[in-house]
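Written out below as structure tokens is the structure these notes cover.
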Amino acid sequence: MQRAKHRVVVLALPGVIPYELGIPAKAFGLAYGPDGNRLYEVLTCTPDGRPVQTGEDFSIAVEQDASVIATADTLIVAPINDPIGGSDPLAEPVAAALAQLRPGTRLVSICTASFVLAATGLLDGRPATTHWWYTERFRALYPRTPLDPDVLYVDDDDVLTSAGAAAGMDLCLHLIRRDHGSEIANQVARMCVVPPWREGGQAQYIARPVPDATGSDTARAREWALRQLHQPIQLAQLATQAGMSVRTFSRRFLAETGQTPGQWLTTQRLELARRLLESSDLPVDRVAEHAGFGSASSLRQHLAATIGVSPAAYRRTFQGRNHDLTGPQPVSTAG
């Protein structure tokens with residue numbers, strides 16, 4: 001008998017930010033298994049089932065009230081426009097809504113919704129993040145939560161928090177990847193026209209100089225590099241592909257991607273290695289060779305530094321899940 005879809009419930013509170021509210025439905029709604037079956041069911045609720053005023057000049061009506069939270073496999077709390085605003089984020093009926101959580105429910109906050117979770121005590125002693133703008137306010141109110149304001153998202157097993165705006169999409173893609181592997185997460189990312197993977201520890205914001213308006217960029221070099229990942233790639237080769245000097249190329253590459261060429265190449269090689277580990281039976285040393293790491297030892301070091309597991313453990317986790325996509329089985333990436 002096929003298991004029911006993993007149910008994602010999204011809680012919209014008064015003052016909800018519309019953009020982030022729509023991210024879970026978009027991301028999880030586009031996740032399909034190999035047989036074309038939807039992998040998630042997404043329901044949006046408000047505390048009493050009535051429309052809520054958003055942080056903009058319109059309200060949002062929903063079909064569900066907070067009773068649906070008791071059926072959630074994952075509860076996502078959408079961010080609110082002003083997390084304090086002179087009012088208690090746990091005022092009734094919000095506290096009553098969150099009290100319906102079942103033990104074992106995966107709990108997620110996007111952006112300022114971390115204030116709501118922290119006010120319940122659910123983030124006491126647990127690593128978390130929020131939008132960098134609210135760092136000082138959060139720390140003053142919730143000193144028991146070790147806050148890291150410099151990352152896109154924090155995965156602490158069954159409680160996950162993200163920074164603002166696009167970081168909410170990064171976290172949803174991370175959850176899909178955690179549940180079903182890179183291939184499905186990448187399909188969703190392509191449909192949403194967003195990067196398929198940004199590591200959670202990546203900085204929330206980077207001061208990037210605007211490239212000179214010369215009409216040239218590094219895209220051609222990056223496209224070329226993606227076809228050459230199996231072999232050594234020198235900085236001078238990349239610069240030649242872009243028709244630039246090494247110095248100009250390095251400066252423009254950082255401005256366009258937020259990474260140095262070396263960092264970007266390592267990220268792309270890790271992405272390729274992860275896809276091969278998930279979708280093929282190639283020995284680890286061959287995976288390392290195809291991805292341009294040169295040796296299994298190098299691949300092990302990079303994978304351990306990035307996600308904390310060995311290639312063999314990664315393969316066991318995701319190949320087992322790819323063979324049974326009737327329901328997600330979350331894997332801890334904490335620690």
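In the structure tokens, chains take letters A, B, ... by order of appearance, with residues numbered from 1 within each chain and ligands from 1 in the order shown.
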- prompt: So which bits of stretch 71-215 of chain A end up strand (DSSP E or B) when you DSSP the backbone, as a PyMOL selection string?
  reply: chain A and resi 74-77+80+106-110+128+147+153-156+159-162
query: A:Thr130: which residues within 8 Å, counting only C-alpha atoms, same-chain residues fewer than 4 positions away excluded, as a PyMOL selection string?
result: chain A and resi 110-114+134-135+147-149+161-164
Given the selection you just returned, output its residues as a file containing N, CA and C atoms, formatted as a PDB file, in the first residue's frame.
```pdb
ATOM      1  N   ILE A 110      10.821  30.497   8.238  1.00  0.00           N
ATOM      2  CA  ILE A 110      11.439  31.285   7.179  1.00  0.00           C
ATOM      3  C   ILE A 110      11.575  32.716   7.679  1.00  0.00           C
ATOM      4  N   CYS A 111      12.784  33.244   7.594  1.00  0.00           N
ATOM      5  CA  CYS A 111      13.046  34.641   7.929  1.00  0.00           C
ATOM      6  C   CYS A 111      12.610  34.975   9.354  1.00  0.00           C
ATOM      7  N   THR A 112      11.773  35.989   9.534  1.00  0.00           N
ATOM      8  CA  THR A 112      11.407  36.465  10.864  1.00  0.00           C
ATOM      9  C   THR A 112      10.491  35.517  11.626  1.00  0.00           C
ATOM     10  N   ALA A 113      10.014  34.458  11.007  1.00  0.00           N
ATOM     11  CA  ALA A 113       9.212  33.475  11.736  1.00  0.00           C
ATOM     12  C   ALA A 113      10.015  32.799  12.836  1.00  0.00           C
ATOM     13  N   SER A 114      11.338  32.935  12.789  1.00  0.00           N
ATOM     14  CA  SER A 114      12.168  32.409  13.875  1.00  0.00           C
ATOM     15  C   SER A 114      11.791  33.062  15.206  1.00  0.00           C
ATOM     16  N   TYR A 134      17.513  41.757  11.762  1.00  0.00           N
ATOM     17  CA  TYR A 134      16.887  41.621  13.071  1.00  0.00           C
ATOM     18  C   TYR A 134      17.782  40.931  14.094  1.00  0.00           C
ATOM     19  N   THR A 135      19.070  40.840  13.814  1.00  0.00           N
ATOM     20  CA  THR A 135      19.974  40.092  14.688  1.00  0.00           C
ATOM     21  C   THR A 135      19.988  40.620  16.121  1.00  0.00           C
ATOM     22  N   LEU A 147      22.360  32.173  17.964  1.00  0.00           N
ATOM     23  CA  LEU A 147      21.979  32.679  16.648  1.00  0.00           C
ATOM     24  C   LEU A 147      23.205  32.867  15.769  1.00  0.00           C
ATOM     25  N   ASP A 148      23.103  32.425  14.528  1.00  0.00           N
ATOM     26  CA  ASP A 148      24.141  32.672  13.526  1.00  0.00           C
ATOM     27  C   ASP A 148      23.526  33.504  12.413  1.00  0.00           C
ATOM     28  N   PRO A 149      23.770  34.799  12.395  1.00  0.00           N
ATOM     29  CA  PRO A 149      23.135  35.658  11.405  1.00  0.00           C
ATOM     30  C   PRO A 149      23.833  35.672  10.054  1.00  0.00           C
ATOM     31  N   THR A 161      15.766  26.627  10.335  1.00  0.00           N
ATOM     32  CA  THR A 161      15.461  28.052  10.229  1.00  0.00           C
ATOM     33  C   THR A 161      16.218  28.640   9.057  1.00  0.00           C
ATOM     34  N   SER A 162      15.659  29.690   8.462  1.00  0.00           N
ATOM     35  CA  SER A 162      16.332  30.302   7.315  1.00  0.00           C
ATOM     36  C   SER A 162      16.379  31.801   7.474  1.00  0.00           C
ATOM     37  N   ALA A 163      17.235  32.415   6.679  1.00  0.00           N
ATOM     38  CA  ALA A 163      17.272  33.861   6.565  1.00  0.00           C
ATOM     39  C   ALA A 163      16.115  34.306   5.668  1.00  0.00           C
ATOM     40  N   GLY A 164      16.170  35.538   5.187  1.00  0.00           N
ATOM     41  CA  GLY A 164      15.028  36.099   4.484  1.00  0.00           C
ATOM     42  C   GLY A 164      14.978  35.807   2.999  1.00  0.00           C
TER      43      GLY A 164
END
```
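Counting only C-alpha atoms, the residue from A:Leu272, A:Ser250, A:Leu299, A:Leu21 that sits nearest to A:Asp285 is A:Leu299.
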- prompt: Quick one: distance from atom CA of A:Thr267 to atom CA of A:Leu303 in Å, one decimal?
  reply: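 Result for atom CA of A:Thr267 versus atom CA of A:Leu303: 10.3 Å, one decimal.
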Nearest to A:Trp133, chosen from A:His230, A:Asp82, A:Asn37, A:Gly29, with only C-alpha atoms counted in the distances: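 Among the listed residues, A:Asp82 lies closest to A:Trp133.
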- request: May I have all residues of stretch 86-246 of chain A that DSSP, computed from the backbone, assigns to alpha helix (DSSP H), given as an NGL selection string?
  value: :A and (94-98 or 114-120 or 135-141 or 166-180 or 182-192 or 219-226 or 235-242 or 246)
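Of note, atom CA of A:Val287 and atom CA of A:Gln301 are spaced 13.8 Å apart.
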task: Compile the contact shell of A:Gln237 as number ranges by chain: residues with an atom at most 9 Å away, counting only C-alpha atoms, same-chain residues fewer than 4 positions apart removed.
output: A: 221, 233, 241-242, 246
Using C-alpha atoms, can you write the selected residues to a file as a short mmCIF file (atom, residue, chain, number, x, y, z; two decimals), in the first residue's frame?
```cif
data_model
loop_
_atom_site.label_atom_id
_atom_site.label_comp_id
_atom_site.auth_asym_id
_atom_site.auth_seq_id
_atom_site.Cartn_x
_atom_site.Cartn_y
_atom_site.Cartn_z
CA ALA A 221 33.83 30.34 -19.25
CA ILE A 233 41.12 23.43 -14.96
CA GLN A 241 37.56 31.27 -22.55
CA ALA A 242 36.15 34.63 -21.41
CA VAL A 246 43.50 36.60 -15.43
#
```
With the cut-off set at 8 Å and counting only C-alpha atoms, tabulate each residue of stretch 11-65 of chain A with an atom at most that distance from an atom of stretch 166-172 of chain A, showing the nearest atom pair and its distance in Å to one decimal, ordered by chain and increasing number, as JSON lines.
```
{"residue": "A:Glu20", "atom": "CA", "partner": "A:Gly168", "partner_atom": "CA", "distance": 6.8}
{"residue": "A:Ile23", "atom": "CA", "partner": "A:Met169", "partner_atom": "CA", "distance": 6.1}
{"residue": "A:Pro24", "atom": "CA", "partner": "A:Cys172", "partner_atom": "CA", "distance": 6.5}
{"residue": "A:Ala27", "atom": "CA", "partner": "A:Cys172", "partner_atom": "CA", "distance": 6.5}
{"residue": "A:Phe28", "atom": "CA", "partner": "A:Cys172", "partner_atom": "CA", "distance": 7.3}
```
